[in-house]
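Read through the structure below, which is laid out as structure tokens, and then see the notes.
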Amino acid sequence: MPEIVEVKIMSEYINKVCRNKYFTNVKKSDISKNSKIILPFSKFKIQSESYGKELKLILKENKKIINIYFNLGMCGYWQMMKKDNIKKHTHLLFECNDNVLGFVDPRRFGTWRIGSDWSNNRGISVDSWIYEMNLFLKYLNCAINHQSCVKIFNQPIYKLMLNQKYFNGIGNYLRSEILYRADINPFLPAKQAISSHLINVMKQVIKESYELGGGQLKDWNNPFGADEKNFNEWIQCYGKLDKIKDSGRRFWFNPKYRKYYE
């Protein structure tokens, strides 16, 4: 968390609350280990875009532009707040009159950097791929057949789906729901599990989660106020069925496939 759906929703929220507003300053909390941001202008607008699990702030003053790229970590989110009521764990804030746009990150895993492009260690965002299903499958099949990727695609599909080079935007709850609803053995080697059926289910799960307002789990809440109950009722697998430990996190899956787990 947050995954592709939640990052997209956060970006849309930023665009809504920042529309027609001018910001005058940026401040970093003393305890954040991220770099301080020094701006070459004093009055600027903010827009946002998302791409997989990354979020970008576009700061503009006339023709001057600075892009700041964010990894939201485990539970980072954005909120417009009053200056006299700033939330605890707000580690970066942009001032606008009596308001601030703040990056709130209780666990401090979120990071930011000034740059000119999305991270080069991530692949194309899955929402870019899945609307061109054949293109996505072609990309994956080329990787599968490449000698340097043999070991990667021999991994179980549940592990590969967290590899942001191939499934940029997929995280823990989405992979569980996708594999469960596709009725795919999550312990199959990825090269056997990848199919048009898997990609179609991925597309549908992402669409449904977005329409419900995203994964309102733990510390993340939809900034537009979506009904948490609807999302919890939509979840079929994550947090409800069988589970194993996977690199410090839990992976939830259909218990009928437990016998294939080594």
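Labels used: A, B, ... for chains in the order of the structure tokens, numbers from 1 for residues in each chain, and numbers from 1 for ligands as shown.
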Using DSSP on the backbone, list every residue of region 17-240 of chain A that comes out as strand (DSSP E), and give them as a count of residues only.
51
May I have the residues within 9 Å of Phe109 (chain A) as a ChimeraX atom specification, using only C-alpha atoms and disregarding those fewer than 5 positions away in the same chain?
/A:71-76
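Look at Cys237 (chain A): the protein and nucleic acid residues within 7 Å of it, using only C-alpha atoms and passing over chain neighbours fewer than 4 places away, are Ser176, Glu177, Tyr180, Leu241, Trp252 and Phe253 of chain A.
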Emit the selected residues as a CSV table (one decimal), in the first residue's frame, including N, CA and C atoms.
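Dumped to out.csv:
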chain,number,residue,atom,x,y,z
A,176,SER,N,-3.2,-10.6,-4.7
A,176,SER,CA,-4.0,-11.6,-4.1
A,176,SER,C,-5.4,-11.7,-4.8
A,177,GLU,N,-6.0,-10.6,-5.0
A,177,GLU,CA,-7.3,-10.6,-5.6
A,177,GLU,C,-7.2,-11.0,-7.0
A,180,TYR,N,-6.5,-14.9,-7.2
A,180,TYR,CA,-7.7,-15.6,-6.7
A,180,TYR,C,-8.8,-15.6,-7.7
A,241,LEU,N,-8.5,-15.4,3.4
A,241,LEU,CA,-8.3,-16.8,3.1
A,241,LEU,C,-7.0,-17.3,3.7
A,252,TRP,N,-2.0,-13.7,0.7
A,252,TRP,CA,-3.2,-14.4,0.9
A,252,TRP,C,-3.6,-15.1,-0.4
A,253,PHE,N,-4.2,-16.3,-0.3
A,253,PHE,CA,-4.5,-17.1,-1.5
A,253,PHE,C,-5.6,-18.1,-1.3
Write out as an MDAnalysis selection string each polymer residue whose atoms come within 12 Å of Met10 (chain A), counting only C-alpha atoms; drop sequence neighbours fewer than 5 positions from it.
chainID A and resid 2:5 15:17 47:51 53:57 70 72 75:80 101:104 210 213:215 220:225
Could you make a table, as a Markdown table, of the residues of region 172-199 of chain A that have an atom within 12 Å of an atom of region 144-151 of chain A, each with its nearest atom pair and distance in Å to one decimal, counting only C-alpha atoms, in chain and number order?
| residue | atom | partner | partner_atom | distance |
| --- | --- | --- | --- | --- |
| A:Pro189 | CA | A:Lys151 | CA | 10.0 |
| A:Ala190 | CA | A:Ile144 | CA | 8.8 |
| A:Lys191 | CA | A:Ile144 | CA | 6.3 |
| A:Gln192 | CA | A:Ile144 | CA | 9.9 |
| A:Ala193 | CA | A:Ile144 | CA | 11.5 |
| A:Ile194 | CA | A:Ile144 | CA | 9.7 |
Please, could you write that set of residues out with N, CA and C atoms as a compact mmCIF listing (two decimals), in the first residue's frame?
# COMPACT_ATOMS: atom_id res chain seq x y z
N PRO A 189 5.27 -21.53 -11.76
CA PRO A 189 6.26 -20.63 -12.33
C PRO A 189 5.56 -19.55 -13.17
N ALA A 190 6.05 -18.35 -13.08
CA ALA A 190 5.40 -17.23 -13.77
C ALA A 190 5.25 -17.49 -15.27
N LYS A 191 6.24 -18.12 -15.88
CA LYS A 191 6.18 -18.36 -17.32
C LYS A 191 5.01 -19.25 -17.71
N GLN A 192 4.53 -20.07 -16.78
CA GLN A 192 3.36 -20.92 -17.03
C GLN A 192 2.05 -20.21 -16.71
N ALA A 193 2.10 -19.30 -15.77
CA ALA A 193 0.87 -18.66 -15.29
C ALA A 193 0.44 -17.46 -16.12
N ILE A 194 1.39 -16.83 -16.80
CA ILE A 194 1.08 -15.62 -17.56
C ILE A 194 0.28 -15.97 -18.81
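Across the model, the gap from CA of Ile31 (chain A) to CA of Asn67 (chain A) is 23.1 Å.
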Contacts of Glu61 (chain A) at 9 Å or less, counting only C-alpha atoms, minus same-chain residues fewer than 5 places along, as a ChimeraX atom specification?
/A:41-45
Skip Met202 (chain A) itself and residues of its chain fewer than 4 positions away, then list as an NGL selection string all residues within 7 Å of it, counting only C-alpha atoms.
:A and (178 or 198 or 206)
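Ranking A:Gln236, A:Ser116, A:Ala182, A:Ser125 by their shortest atom-to-atom distance to Gln164 (chain A), with only C-alpha atoms included, puts A:Ser125 first.
Separating CA of Asn168 (chain A) from CA of Asn121 (chain A) is a distance of 9.8 Å.
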Taking into account only C-alpha atoms, which residue in the set A:Val7, A:Ile68, A:Ser32, A:Gly169 is nearest to Thr90 (chain A)?
A:Ser32
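Straight-line separation from CA of Lys87 (chain A) to CA of Asp105 (chain A): 10.0 Å.
Comparing A:Asn200, A:Ser29, A:Ser247, A:Gln216 by their smallest distance to Tyr131 (chain A), the closest is A:Asn200 (using only C-alpha atoms).
Of the listed residues A:Asp246, A:Asp219, A:Glu262, A:Asp127, the one whose atoms come nearest to Val205 (chain A) is A:Asp127, with distances taken using only C-alpha atoms.
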